[in-house]
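*Asks:* Take a look at work_26.cif, mmCIF, C-alpha atoms:
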data_target
#
loop_
_atom_site.group_PDB
_atom_site.id
_atom_site.type_symbol
_atom_site.label_atom_id
_atom_site.label_comp_id
_atom_site.auth_asym_id
_atom_site.auth_seq_id
_atom_site.Cartn_x
_atom_site.Cartn_y
_atom_site.Cartn_z
ATOM 1 C CA MET Q 22 -7.768 -69.186 -2.373
ATOM 2 C CA ILE Q 23 -10.243 -71.761 -3.528
ATOM 3 C CA LYS Q 24 -13.758 -71.271 -2.232
ATOM 4 C CA ALA Q 25 -15.168 -73.973 0.051
ATOM 5 C CA ASP Q 26 -18.304 -74.131 2.176
ATOM 6 C CA VAL Q 27 -16.662 -75.401 5.359
ATOM 7 C CA GLN Q 28 -13.047 -75.368 6.531
ATOM 8 C CA LEU Q 29 -11.355 -77.864 8.805
ATOM 9 C CA ASP Q 30 -8.005 -77.066 10.370
ATOM 10 C CA ALA Q 31 -6.105 -80.326 10.865
ATOM 11 C CA LYS Q 32 -2.627 -78.757 10.861
ATOM 12 C CA GLY Q 33 -0.089 -80.485 13.077
ATOM 13 C CA LEU Q 34 -2.166 -83.622 13.462
ATOM 14 C CA ALA Q 35 -0.744 -87.056 12.672
ATOM 15 C CA CYS Q 36 -2.457 -90.075 11.155
ATOM 16 C CA PRO Q 37 -5.241 -91.103 11.732
ATOM 17 C CA MET Q 38 -6.473 -87.781 13.130
ATOM 18 C CA PRO Q 39 -6.953 -85.900 9.818
ATOM 19 C CA ILE Q 40 -9.242 -88.706 8.653
ATOM 20 C CA VAL Q 41 -11.150 -88.922 11.927
ATOM 21 C CA LYS Q 42 -11.647 -85.132 11.987
ATOM 22 C CA THR Q 43 -12.673 -85.094 8.334
ATOM 23 C CA LYS Q 44 -15.282 -87.750 8.942
ATOM 24 C CA LYS Q 45 -16.741 -85.758 11.847
ATOM 25 C CA ALA Q 46 -16.694 -82.484 9.908
ATOM 26 C CA MET Q 47 -18.362 -84.113 6.910
ATOM 27 C CA ASN Q 48 -21.389 -84.983 9.046
ATOM 28 C CA GLY Q 49 -22.132 -81.265 9.310
ATOM 29 C CA LEU Q 50 -22.159 -80.601 5.561
ATOM 30 C CA GLU Q 51 -25.117 -80.571 3.214
ATOM 31 C CA ASP Q 52 -25.091 -82.847 0.195
ATOM 32 C CA GLY Q 53 -23.043 -81.172 -2.565
ATOM 33 C CA GLN Q 54 -21.098 -78.820 -0.288
ATOM 34 C CA VAL Q 55 -17.309 -78.674 -0.367
ATOM 35 C CA LEU Q 56 -15.059 -79.215 2.649
ATOM 36 C CA GLU Q 57 -11.553 -77.785 2.752
ATOM 37 C CA VAL Q 58 -9.191 -79.783 4.970
ATOM 38 C CA ILE Q 59 -5.981 -77.970 5.887
ATOM 39 C CA ALA Q 60 -3.316 -80.457 6.976
ATOM 40 C CA THR Q 61 0.427 -80.840 7.377
ATOM 41 C CA ASP Q 62 0.484 -84.659 7.525
ATOM 42 C CA LYS Q 63 2.074 -85.654 4.199
ATOM 43 C CA GLY Q 64 0.203 -88.945 4.246
ATOM 44 C CA SER Q 65 -3.131 -87.156 4.337
ATOM 45 C CA LYS Q 66 -3.110 -86.631 0.568
ATOM 46 C CA ALA Q 67 -3.258 -90.320 -0.283
ATOM 47 C CA ASP Q 68 -5.368 -91.094 2.781
ATOM 48 C CA LEU Q 69 -8.089 -88.548 2.118
ATOM 49 C CA ALA Q 70 -8.374 -89.555 -1.526
ATOM 50 C CA ALA Q 71 -8.722 -93.204 -0.469
ATOM 51 C CA TRP Q 72 -11.130 -92.312 2.321
ATOM 52 C CA ALA Q 73 -13.380 -90.324 -0.005
ATOM 53 C CA LYS Q 74 -13.418 -93.222 -2.455
ATOM 54 C CA THR Q 75 -14.317 -95.710 0.283
ATOM 55 C CA VAL Q 76 -17.180 -93.726 1.757
ATOM 56 C CA GLY Q 77 -18.469 -92.367 -1.558
ATOM 57 C CA HIS Q 78 -17.599 -88.668 -1.410
ATOM 58 C CA GLN Q 79 -15.907 -86.843 -4.272
ATOM 59 C CA TYR Q 80 -12.212 -86.094 -3.768
ATOM 60 C CA ILE Q 81 -11.631 -82.966 -5.851
ATOM 61 C CA GLY Q 82 -7.942 -82.365 -5.343
ATOM 62 C CA THR Q 83 -5.099 -81.132 -3.168
ATOM 63 C CA GLN Q 84 -3.091 -77.954 -3.393
ATOM 64 C CA GLU Q 85 0.234 -77.606 -1.597
ATOM 65 C CA GLU Q 86 1.572 -74.318 -0.357
ATOM 66 C CA ASN Q 87 4.584 -73.868 1.948
ATOM 67 C CA ASP Q 88 4.353 -77.451 3.270
ATOM 68 C CA VAL Q 89 0.658 -77.064 4.043
ATOM 69 C CA LEU Q 90 -1.811 -79.234 2.179
ATOM 70 C CA TYR Q 91 -5.247 -77.960 1.206
ATOM 71 C CA HIS Q 92 -7.600 -80.814 0.366
ATOM 72 C CA TYR Q 93 -11.010 -80.395 -1.228
ATOM 73 C CA ILE Q 94 -13.779 -82.963 -0.850
ATOM 74 C CA ARG Q 95 -17.376 -82.638 -1.998
ATOM 75 C CA LYS Q 96 -20.037 -84.389 0.015
ATOM 76 C CA CYS Q 97 -22.034 -86.893 -1.989
ATOM 77 C CA ASP Q 98 -25.036 -88.658 -0.627
ATOM 78 C CA PRO Q 99 -24.567 -92.182 -1.939
ATOM 79 C CA GLY Q 100 -27.601 -93.456 -3.779
ATOM 80 C CA LYS Q 101 -29.029 -89.980 -4.196
ATOM 81 C CA SER Q 102 -26.914 -88.272 -6.855
ATOM 82 C CA ASP Q 103 -27.014 -91.028 -9.449
ATOM 83 C CA ALA Q 104 -30.596 -92.061 -8.862
ATOM 84 C CA VAL Q 105 -32.092 -88.956 -10.430
ATOM 85 C CA GLU Q 106 -33.119 -89.228 -14.065
ATOM 86 C CA ASN Q 107 -32.224 -86.345 -16.306
ATOM 87 C CA GLN Q 108 -35.297 -84.358 -17.327
ATOM 88 C CA PHE Q 109 -34.095 -81.571 -19.581
ATOM 89 C CA GLU Q 110 -34.780 -82.570 -23.155
ATOM 90 C CA ARG Q 111 -32.236 -80.604 -25.153
ATOM 91 C CA THR Q 112 -28.928 -82.380 -24.690
ATOM 92 C CA ILE Q 113 -25.605 -82.360 -26.503
ATOM 93 C CA SER Q 114 -22.569 -84.609 -26.233
ATOM 94 C CA ASN Q 115 -19.155 -83.638 -24.872
ATOM 95 C CA GLU Q 116 -17.634 -84.017 -28.337
ATOM 96 C CA GLU Q 117 -20.224 -81.840 -30.078
ATOM 97 C CA ILE Q 118 -19.534 -78.718 -28.037
ATOM 98 C CA VAL Q 119 -15.914 -78.520 -29.165
ATOM 99 C CA GLY Q 120 -15.452 -75.528 -31.439
ATOM 100 C CA ARG Q 121 -19.116 -74.461 -31.410
ATOM 101 C CA THR Q 122 -20.194 -70.885 -30.968
ATOM 102 C CA GLY Q 123 -21.754 -70.032 -27.650
ATOM 103 C CA ILE Q 124 -20.524 -70.401 -24.115
ATOM 104 C CA ILE Q 125 -19.797 -73.373 -21.899
ATOM 105 C CA LEU Q 126 -21.364 -72.801 -18.492
ATOM 106 C CA ASP Q 127 -19.750 -74.902 -15.773
ATOM 107 C CA VAL Q 128 -22.146 -75.229 -12.808
ATOM 108 C CA ARG Q 129 -19.883 -77.313 -10.560
ATOM 109 C CA GLU Q 130 -18.524 -75.902 -7.296
ATOM 110 C CA ALA Q 131 -15.648 -73.400 -7.435
ATOM 111 C CA ALA Q 132 -13.138 -75.982 -6.160
ATOM 112 C CA GLU Q 133 -14.096 -78.511 -8.826
ATOM 113 C CA PHE Q 134 -13.720 -75.826 -11.486
ATOM 114 C CA ALA Q 135 -10.330 -74.775 -10.131
ATOM 115 C CA PHE Q 136 -8.905 -78.310 -10.350
ATOM 116 C CA GLY Q 137 -9.816 -78.714 -14.021
ATOM 117 C CA HIS Q 138 -12.228 -77.211 -16.508
ATOM 118 C CA ILE Q 139 -12.626 -76.709 -20.233
ATOM 119 C CA GLU Q 140 -10.642 -73.731 -21.524
ATOM 120 C CA GLY Q 141 -12.915 -70.728 -21.851
ATOM 121 C CA ALA Q 142 -15.728 -72.156 -19.746
ATOM 122 C CA LYS Q 143 -17.542 -69.789 -17.406
ATOM 123 C CA SER Q 144 -17.866 -70.847 -13.774
ATOM 124 C CA MET Q 145 -21.239 -70.368 -12.126
ATOM 125 C CA PRO Q 146 -21.849 -72.873 -9.318
ATOM 126 C CA MET Q 147 -25.370 -74.254 -9.146
ATOM 127 C CA GLY Q 148 -26.111 -72.393 -5.911
ATOM 128 C CA GLU Q 149 -25.222 -69.039 -7.471
ATOM 129 C CA LEU Q 150 -27.066 -69.555 -10.740
ATOM 130 C CA GLU Q 151 -30.277 -67.802 -9.859
ATOM 131 C CA ALA Q 152 -28.551 -64.677 -8.611
ATOM 132 C CA ARG Q 153 -26.010 -64.555 -11.423
ATOM 133 C CA MET Q 154 -27.922 -65.647 -14.530
ATOM 134 C CA LYS Q 155 -28.314 -62.029 -15.577
ATOM 135 C CA GLU Q 156 -24.591 -62.159 -16.496
ATOM 136 C CA LEU Q 157 -25.536 -64.491 -19.338
ATOM 137 C CA ASP Q 158 -26.476 -63.436 -22.862
ATOM 138 C CA MET Q 159 -29.918 -64.758 -23.851
ATOM 139 C CA ASP Q 160 -29.029 -64.683 -27.556
ATOM 140 C CA GLN Q 161 -26.049 -66.994 -27.111
ATOM 141 C CA GLU Q 162 -26.026 -70.769 -27.111
ATOM 142 C CA ILE Q 163 -25.385 -71.939 -23.565
ATOM 143 C CA TYR Q 164 -23.888 -75.403 -23.005
ATOM 144 C CA VAL Q 165 -24.391 -76.298 -19.362
ATOM 145 C CA ILE Q 166 -21.925 -78.808 -17.970
ATOM 146 C CA CYS Q 167 -21.192 -80.399 -14.570
ATOM 147 C CA ARG Q 168 -19.494 -83.615 -13.470
ATOM 148 C CA THR Q 169 -22.067 -86.222 -14.444
ATOM 149 C CA GLY Q 170 -24.983 -84.338 -15.989
ATOM 150 C CA THR Q 171 -27.251 -84.171 -12.944
ATOM 151 C CA ARG Q 172 -26.600 -80.640 -11.722
ATOM 152 C CA SER Q 173 -26.370 -79.349 -15.300
ATOM 153 C CA ASP Q 174 -29.766 -80.897 -15.967
ATOM 154 C CA MET Q 175 -31.309 -78.895 -13.134
ATOM 155 C CA ALA Q 176 -29.402 -75.763 -14.126
ATOM 156 C CA ALA Q 177 -30.519 -76.049 -17.775
ATOM 157 C CA GLN Q 178 -34.111 -76.375 -16.609
ATOM 158 C CA GLN Q 179 -33.706 -73.379 -14.324
ATOM 159 C CA LEU Q 180 -32.353 -71.296 -17.220
ATOM 160 C CA ALA Q 181 -35.158 -72.425 -19.523
ATOM 161 C CA ASP Q 182 -37.730 -71.501 -16.877
ATOM 162 C CA ALA Q 183 -36.159 -68.043 -16.718
ATOM 163 C CA GLY Q 184 -36.664 -67.580 -20.458
ATOM 164 C CA PHE Q 185 -33.382 -68.769 -21.929
ATOM 165 C CA THR Q 186 -34.150 -70.631 -25.155
ATOM 166 C CA LYS Q 187 -30.761 -71.734 -26.496
ATOM 167 C CA VAL Q 188 -29.794 -73.967 -23.585
ATOM 168 C CA TYR Q 189 -28.260 -77.444 -23.807
ATOM 169 C CA ASN Q 190 -27.333 -79.980 -21.145
ATOM 170 C CA VAL Q 191 -23.906 -81.443 -21.948
ATOM 171 C CA LEU Q 192 -23.690 -85.212 -21.440
ATOM 172 C CA PRO Q 193 -22.047 -87.194 -20.008
ATOM 173 C CA GLY Q 194 -20.165 -84.235 -18.487
ATOM 174 C CA MET Q 195 -16.685 -83.580 -17.114
ATOM 175 C CA THR Q 196 -16.099 -87.143 -15.856
ATOM 176 C CA ALA Q 197 -15.848 -88.229 -19.488
ATOM 177 C CA TRP Q 198 -14.032 -85.174 -20.820
ATOM 178 C CA ASN Q 199 -11.000 -86.304 -22.812
ATOM 179 C CA GLY Q 200 -9.776 -82.921 -23.988
ATOM 180 C CA GLU Q 201 -7.392 -80.493 -22.370
ATOM 181 C CA LEU Q 202 -8.095 -79.226 -18.876
ATOM 182 C CA THR Q 203 -7.275 -75.785 -17.574
ATOM 183 C CA LYS Q 204 -6.463 -75.387 -13.892
ATOM 184 C CA ASN Q 205 -6.645 -72.312 -11.670
ATOM 185 C CA ILE Q 206 -4.337 -73.600 -8.950
ATOM 186 C CA MET L 8 -17.589 -106.035 -0.367
ATOM 187 C CA SER L 9 -17.312 -106.687 3.342
ATOM 188 C CA ASN L 10 -18.001 -103.752 5.584
ATOM 189 C CA LYS L 11 -16.333 -105.307 8.622
ATOM 190 C CA VAL L 12 -12.789 -105.116 9.907
ATOM 191 C CA ALA L 13 -11.773 -107.673 12.548
ATOM 192 C CA ILE L 14 -8.646 -107.130 14.616
ATOM 193 C CA ILE L 15 -6.894 -109.345 17.144
ATOM 194 C CA ALA L 16 -4.689 -107.477 19.635
ATOM 195 C CA SER L 17 -2.452 -109.957 21.372
ATOM 196 C CA ASN L 18 0.584 -107.859 22.331
ATOM 197 C CA GLY L 19 0.869 -105.213 24.997
ATOM 198 C CA GLY L 20 3.534 -102.725 23.923
ATOM 199 C CA LEU L 21 3.167 -99.099 22.892
ATOM 200 C CA PHE L 22 3.874 -99.848 19.244
ATOM 201 C CA ASP L 23 1.274 -102.604 19.252
ATOM 202 C CA ALA L 24 -1.261 -100.147 20.652
ATOM 203 C CA TYR L 25 -0.624 -97.643 17.862
ATOM 204 C CA LYS L 26 -0.892 -100.298 15.172
ATOM 205 C CA VAL L 27 -4.180 -101.547 16.579
ATOM 206 C CA PHE L 28 -5.876 -98.236 17.316
ATOM 207 C CA ASN L 29 -4.685 -96.357 14.217
ATOM 208 C CA ILE L 30 -6.068 -99.009 11.915
ATOM 209 C CA ALA L 31 -9.229 -99.348 13.991
ATOM 210 C CA THR L 32 -10.056 -95.627 14.097
ATOM 211 C CA ALA L 33 -9.193 -95.149 10.422
ATOM 212 C CA ALA L 34 -11.475 -98.044 9.513
ATOM 213 C CA ALA L 35 -14.285 -96.775 11.733
ATOM 214 C CA ALA L 36 -13.930 -93.295 10.226
ATOM 215 C CA SER L 37 -14.327 -94.954 6.827
ATOM 216 C CA GLU L 38 -17.680 -96.261 7.960
ATOM 217 C CA LYS L 39 -16.547 -99.819 8.610
ATOM 218 C CA GLU L 40 -17.894 -101.914 11.436
ATOM 219 C CA VAL L 41 -14.834 -102.648 13.568
ATOM 220 C CA ALA L 42 -14.280 -105.122 16.419
ATOM 221 C CA ILE L 43 -11.046 -105.703 18.318
ATOM 222 C CA PHE L 44 -10.505 -108.893 20.284
ATOM 223 C CA PHE L 45 -8.049 -108.217 23.113
ATOM 224 C CA THR L 46 -6.284 -111.329 24.296
ATOM 225 C CA PHE L 47 -3.227 -112.101 26.457
ATOM 226 C CA GLU L 48 -0.915 -109.054 26.676
ATOM 227 C CA GLY L 49 -3.264 -107.290 24.287
ATOM 228 C CA LEU L 50 -5.532 -106.676 27.261
ATOM 229 C CA ASN L 51 -2.983 -104.104 28.487
ATOM 230 C CA LEU L 52 -4.085 -101.804 25.669
ATOM 231 C CA ILE L 53 -7.468 -101.241 27.301
ATOM 232 C CA HIS L 54 -6.488 -101.776 30.955
ATOM 233 C CA LYS L 55 -7.256 -98.544 32.845
ATOM 234 C CA GLN L 56 -3.798 -98.250 34.424
ATOM 235 C CA ALA L 57 -1.587 -100.192 32.012
ATOM 236 C CA MET L 58 -2.720 -98.240 28.942
ATOM 237 C CA GLN L 59 -1.420 -95.005 30.500
ATOM 238 C CA ALA L 60 2.204 -96.158 30.288
ATOM 239 C CA LEU L 61 2.682 -98.925 27.755
ATOM 240 C CA PRO L 62 6.306 -99.944 27.297
ATOM 241 C CA MET L 63 8.400 -99.123 24.251
ATOM 242 C CA PRO L 64 10.250 -102.096 22.781
ATOM 243 C CA GLU L 65 13.652 -102.483 24.414
ATOM 244 C CA GLY L 66 16.256 -100.318 22.729
ATOM 245 C CA LYS L 67 13.657 -98.108 21.023
ATOM 246 C CA GLU L 68 13.194 -95.665 23.904
ATOM 247 C CA PHE L 69 14.807 -92.904 21.825
ATOM 248 C CA MET L 70 11.678 -92.870 19.672
ATOM 249 C CA ALA L 71 9.664 -91.228 22.464
ATOM 250 C CA GLU L 72 10.946 -87.889 21.231
ATOM 251 C CA GLY L 73 9.773 -88.664 17.716
ATOM 252 C CA PHE L 74 6.284 -89.467 18.968
ATOM 253 C CA ALA L 75 6.092 -86.140 20.787
ATOM 254 C CA LYS L 76 7.439 -84.226 17.787
ATOM 255 C CA ALA L 77 5.036 -85.821 15.341
ATOM 256 C CA ASN L 78 2.150 -84.805 17.608
ATOM 257 C CA VAL L 79 0.783 -88.327 17.699
ATOM 258 C CA PRO L 80 -2.239 -88.659 19.990
ATOM 259 C CA ASN L 81 -1.621 -90.678 23.163
ATOM 260 C CA ILE L 82 -3.145 -94.111 23.680
ATOM 261 C CA PRO L 83 -5.966 -93.117 26.061
ATOM 262 C CA GLN L 84 -7.023 -90.500 23.478
ATOM 263 C CA LEU L 85 -7.018 -93.060 20.700
ATOM 264 C CA VAL L 86 -9.000 -95.493 22.857
ATOM 265 C CA GLU L 87 -11.597 -92.838 23.580
ATOM 266 C CA MET L 88 -11.810 -91.914 19.919
ATOM 267 C CA ALA L 89 -12.170 -95.522 18.842
ATOM 268 C CA LEU L 90 -15.057 -96.041 21.270
ATOM 269 C CA GLU L 91 -16.672 -92.787 20.161
ATOM 270 C CA LEU L 92 -16.500 -93.960 16.538
ATOM 271 C CA GLY L 93 -18.279 -97.155 17.513
ATOM 272 C CA VAL L 94 -15.391 -99.626 17.552
ATOM 273 C CA LYS L 95 -16.387 -102.699 19.515
ATOM 274 C CA PHE L 96 -13.908 -103.892 22.179
ATOM 275 C CA ILE L 97 -14.090 -107.546 23.115
ATOM 276 C CA GLY L 98 -12.022 -108.704 26.100
ATOM 277 C CA CYS L 99 -10.972 -112.331 26.126
ATOM 278 C CA GLN L 100 -12.730 -114.015 29.038
ATOM 279 C CA MET L 101 -10.216 -116.802 29.344
ATOM 280 C CA THR L 102 -7.204 -114.460 29.626
ATOM 281 C CA MET L 103 -9.078 -112.276 32.109
ATOM 282 C CA ASP L 104 -9.772 -115.318 34.278
ATOM 283 C CA VAL L 105 -6.151 -116.407 34.125
ATOM 284 C CA MET L 106 -4.967 -112.917 35.099
ATOM 285 C CA GLY L 107 -7.648 -112.430 37.738
ATOM 286 C CA LEU L 108 -9.138 -109.372 36.006
ATOM 287 C CA THR L 109 -12.752 -108.198 35.673
ATOM 288 C CA THR L 110 -14.475 -105.676 33.399
ATOM 289 C CA ALA L 111 -13.977 -103.066 36.136
ATOM 290 C CA ASP L 112 -10.235 -103.146 35.369
ATOM 291 C CA PHE L 113 -10.847 -101.995 31.815
ATOM 292 C CA VAL L 114 -12.156 -98.913 30.057
ATOM 293 C CA ASP L 115 -15.933 -98.592 30.058
ATOM 294 C CA GLY L 116 -17.857 -100.039 27.183
ATOM 295 C CA ILE L 117 -16.041 -103.325 26.628
ATOM 296 C CA GLU L 118 -17.764 -106.592 25.987
ATOM 297 C CA VAL L 119 -16.391 -109.852 27.251
ATOM 298 C CA GLY L 120 -16.412 -112.979 25.180
ATOM 299 C CA GLY L 121 -14.589 -116.046 24.109
ATOM 300 C CA ALA L 122 -12.941 -117.041 20.876
ATOM 301 C CA VAL L 123 -16.270 -117.879 19.282
ATOM 302 C CA THR L 124 -17.613 -114.368 19.909
ATOM 303 C CA PHE L 125 -14.758 -112.999 17.839
ATOM 304 C CA LEU L 126 -14.950 -115.691 15.187
ATOM 305 C CA GLU L 127 -18.639 -115.026 14.702
ATOM 306 C CA PHE L 128 -17.920 -111.355 14.020
ATOM 307 C CA ALA L 129 -14.857 -112.109 11.880
ATOM 308 C CA LYS L 130 -16.392 -114.795 9.680
ATOM 309 C CA ASP L 131 -17.373 -112.300 6.987
ATOM 310 C CA ALA L 132 -14.896 -109.547 7.782
ATOM 311 C CA ALA L 133 -12.242 -108.379 5.344
ATOM 312 C CA PRO L 134 -9.599 -107.603 6.297
ATOM 313 C CA SER L 135 -8.909 -109.552 9.482
ATOM 314 C CA LEU L 136 -5.738 -108.347 11.137
ATOM 315 C CA THR L 137 -3.581 -109.622 13.966
ATOM 316 C CA PHE L 138 -1.183 -107.502 15.995
#
Could you render the structure as structure tokens?

*Replies:*
Amino acid sequence: MIKADVQLDAKGLACPMPIVKTKKAMNGLEDGQVLEVIATDKGSKADLAAWAKTVGHQYIGTQEENDVLYHYIRKCDPGKSDAVENQFERTISNEEIVGRTGIILDVREAAEFAFGHIEGAKSMPMGELEARMKELDMDQEIYVICRTGTRSDMAAQQLADAGFTKVYNVLPGMTAWNGELTKNI
Amino acid sequence: MSNKVAIIASNGGLFDAYKVFNIATAAAASEKEVAIFFTFEGLNLIHKQAMQALPMPEGKEFMAEGFAKANVPNIPQLVEMALELGVKFIGCQMTMDVMGLTTADFVDGIEVGGAVTFLEFAKDAAPSLTF
């Protein structure tokens, strides 16, 4: 199972109900949280992707299991996510991290990671970073990556504040990743 | 990009109702500003009694089973949902006068207006749809 913050059961509902329910459920999520929509309407796959695009949320992907569709959408506050300037000074490009020693730390949500990440990357969603950073080796280079460089910027700063010295923010991030993607679905 | 969707509902059958309200609720759920202008038989779609039992097109009665099986919401449910999502219902004054109807005959929350009321809303709407 892919981890999501909120689940919505829309099984058995026909168009346009999955969309209407998704819209209502989304109102209850915090910015950056992931909603899992469970539906049996075959049209919901194309519809939810289009809906997310229209209203500005991030459609992560859909997994199908025994005729049931599991959709994952991450709430994005339009105008908020892209408005923040990156602060962390030590940056590195997508291309430069290929084949380098050290670890790639992917701070996106578990669902985003599951639908495509760089082979060998370690998943540690932003919200879990503080509690889990002790799993990381301080002597290793750490390349922090997310979708667009905003969350990884904050995560890199958080690691630096905790005493990690070999930390880099990877830019522009997974949206511009041209290499192979590994999936856990 | 326009954030408005303008719909004219001018037919009064069950299929017409689904076309109108499915598009309207989907658009409203996508954060569009939606207005439907109900004119002529289209007024049946929001008439308190008529909307409870809208007719299937002749010869298509066998599809009733399909509607039940697909778990499609009924028309009064869709109407309620559309209103809840903020879809604006405009009843055509002229048709109402011709048919001897008043706002009391329709679901709560409708506005009444003439062609210009709709045109004013629709002038910068995209898409504009007619059913």

*Asks:* Residues of chain Q near chain L: apply a cut-off of 12 Å, count all atoms listed in the file, and supply the list as a PDB file with C-alpha atoms, keeping the file's coordinate frame.

*Replies:*
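So out_17.pdb came out as:
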ATOM      1  CA  ALA Q  31      -6.105 -80.326  10.865  1.00  0.00           C
ATOM      2  CA  LYS Q  32      -2.627 -78.757  10.861  1.00  0.00           C
ATOM      3  CA  GLY Q  33      -0.089 -80.485  13.077  1.00  0.00           C
ATOM      4  CA  LEU Q  34      -2.166 -83.622  13.462  1.00  0.00           C
ATOM      5  CA  ALA Q  35      -0.744 -87.056  12.672  1.00  0.00           C
ATOM      6  CA  CYS Q  36      -2.457 -90.075  11.155  1.00  0.00           C
ATOM      7  CA  PRO Q  37      -5.241 -91.103  11.732  1.00  0.00           C
ATOM      8  CA  MET Q  38      -6.473 -87.781  13.130  1.00  0.00           C
ATOM      9  CA  PRO Q  39      -6.953 -85.900   9.818  1.00  0.00           C
ATOM     10  CA  ILE Q  40      -9.242 -88.706   8.653  1.00  0.00           C
ATOM     11  CA  VAL Q  41     -11.150 -88.922  11.927  1.00  0.00           C
ATOM     12  CA  LYS Q  42     -11.647 -85.132  11.987  1.00  0.00           C
ATOM     13  CA  THR Q  43     -12.673 -85.094   8.334  1.00  0.00           C
ATOM     14  CA  LYS Q  44     -15.282 -87.750   8.942  1.00  0.00           C
ATOM     15  CA  LYS Q  45     -16.741 -85.758  11.847  1.00  0.00           C
ATOM     16  CA  ALA Q  46     -16.694 -82.484   9.908  1.00  0.00           C
ATOM     17  CA  MET Q  47     -18.362 -84.113   6.910  1.00  0.00           C
ATOM     18  CA  ASN Q  48     -21.389 -84.983   9.046  1.00  0.00           C
ATOM     19  CA  THR Q  61       0.427 -80.840   7.377  1.00  0.00           C
ATOM     20  CA  ASP Q  62       0.484 -84.659   7.525  1.00  0.00           C
ATOM     21  CA  LYS Q  63       2.074 -85.654   4.199  1.00  0.00           C
ATOM     22  CA  SER Q  65      -3.131 -87.156   4.337  1.00  0.00           C
ATOM     23  CA  ASP Q  68      -5.368 -91.094   2.781  1.00  0.00           C
ATOM     24  CA  LEU Q  69      -8.089 -88.548   2.118  1.00  0.00           C
ATOM     25  CA  ALA Q  70      -8.374 -89.555  -1.526  1.00  0.00           C
ATOM     26  CA  ALA Q  71      -8.722 -93.204  -0.469  1.00  0.00           C
ATOM     27  CA  TRP Q  72     -11.130 -92.312   2.321  1.00  0.00           C
ATOM     28  CA  ALA Q  73     -13.380 -90.324  -0.005  1.00  0.00           C
ATOM     29  CA  LYS Q  74     -13.418 -93.222  -2.455  1.00  0.00           C
ATOM     30  CA  THR Q  75     -14.317 -95.710   0.283  1.00  0.00           C
ATOM     31  CA  VAL Q  76     -17.180 -93.726   1.757  1.00  0.00           C
ATOM     32  CA  GLY Q  77     -18.469 -92.367  -1.558  1.00  0.00           C
ATOM     33  CA  HIS Q  78     -17.599 -88.668  -1.410  1.00  0.00           C
TER      34      HIS Q  78
END

*Asks:* Need to verify the contact set: Thr137 of chain L, 10 Å, all atoms listed in the file, exclusion of same-chain residues closer than 5 positions in sequence. Can you return it as a PyMOL selection string?

*Replies:* chain L and resi 13-18+26-27+43-44

*Asks:* Need the shell around Ile163 of chain Q: protein/DNA/RNA residues with any atom at most 7 Å away, counting all atoms listed in the file. Skip same-chain ones fewer than 2 positions apart. Format as a count of residues only?

*Replies:* 9

*Asks:* Could you tell me how far atom CA of Arg168 of chain Q lies from atom CA of Glu86 of chain Q, in Å and to one decimal?

*Replies:* 26.5 Å

*Asks:* Got a sec: who's within 6 Å of segment 132-143 of chain Q, counting all atoms listed in the file, leaving out chain neighbours fewer than 3 positions off, as a list in words?

*Replies:*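 Here the qualifying residues turn out to be Ile23, Ile81, Ile125, Leu126, Asp127, Leu202, Thr203, Lys204 and Asn205 of chain Q.
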
*Asks:* Just say which residues the PyMOL selection byres ((chain L and resi 56-67) around 10) picks in this file, as a short mmCIF file (atom, residue, chain, number, x, y, z; two decimals) with C-alpha atoms, in the coordinates of the input.

*Replies:*
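Contents of part_16.cif, freshly written:
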data_model
loop_
_atom_site.label_atom_id
_atom_site.label_comp_id
_atom_site.auth_asym_id
_atom_site.auth_seq_id
_atom_site.Cartn_x
_atom_site.Cartn_y
_atom_site.Cartn_z
CA GLY L 19 0.87 -105.21 25.00
CA GLY L 20 3.53 -102.72 23.92
CA LEU L 21 3.17 -99.10 22.89
CA PHE L 22 3.87 -99.85 19.24
CA ASP L 23 1.27 -102.60 19.25
CA ALA L 24 -1.26 -100.15 20.65
CA LEU L 50 -5.53 -106.68 27.26
CA ASN L 51 -2.98 -104.10 28.49
CA LEU L 52 -4.08 -101.80 25.67
CA ILE L 53 -7.47 -101.24 27.30
CA HIS L 54 -6.49 -101.78 30.96
CA LYS L 55 -7.26 -98.54 32.84
CA GLU L 68 13.19 -95.66 23.90
CA PHE L 69 14.81 -92.90 21.82
CA MET L 70 11.68 -92.87 19.67
CA ALA L 71 9.66 -91.23 22.46
CA ASN L 81 -1.62 -90.68 23.16
CA ILE L 82 -3.14 -94.11 23.68
CA PRO L 83 -5.97 -93.12 26.06
CA VAL L 86 -9.00 -95.49 22.86
CA ASP L 112 -10.24 -103.15 35.37
CA PHE L 113 -10.85 -102.00 31.82
CA VAL L 114 -12.16 -98.91 30.06
#

*Asks:* What does the distance from atom CA of Gln54 of chain Q to atom CA of Gly194 of chain Q come to in Å, to one decimal?

*Replies:*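 Those two atoms sit 19.0 Å apart.
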
*Asks:* Can you work out the spacing between atom CA of Tyr164 of chain Q and atom CA of Asp52 of chain Q in Å, to one decimal?

*Replies:*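 So the answer is 24.4 Å.
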
*Asks:* Please return the centre and edge lengths, in Å to one decimal, of a box with edges along x, y and z that contains all listed atoms of segment 50-66 of chain L, widened by 6 Å on every side, as JSON.

*Replies:*
{"center_x": 4.4, "center_y": -100.8, "center_z": 28.6, "size_x": 35.7, "size_y": 23.7, "size_z": 23.7}

*Asks:* Write out as an MDAnalysis selection string the residues lying within 8 Å of Gln100 of chain L, counting all atoms listed in the file and excluding same-chain residues fewer than 2 positions away.

*Replies:* chainID L and resid 98 102:104 119:121

*Asks:* So what does the PyMOL selection byres ((chain Q and resi 172) around 12) actually pick up in this one, as a VMD selection string?

*Replies:* chain Q and resid 53 102 to 103 105 to 109 126 to 130 145 to 148 150 165 to 171 173 to 179 190 to 195
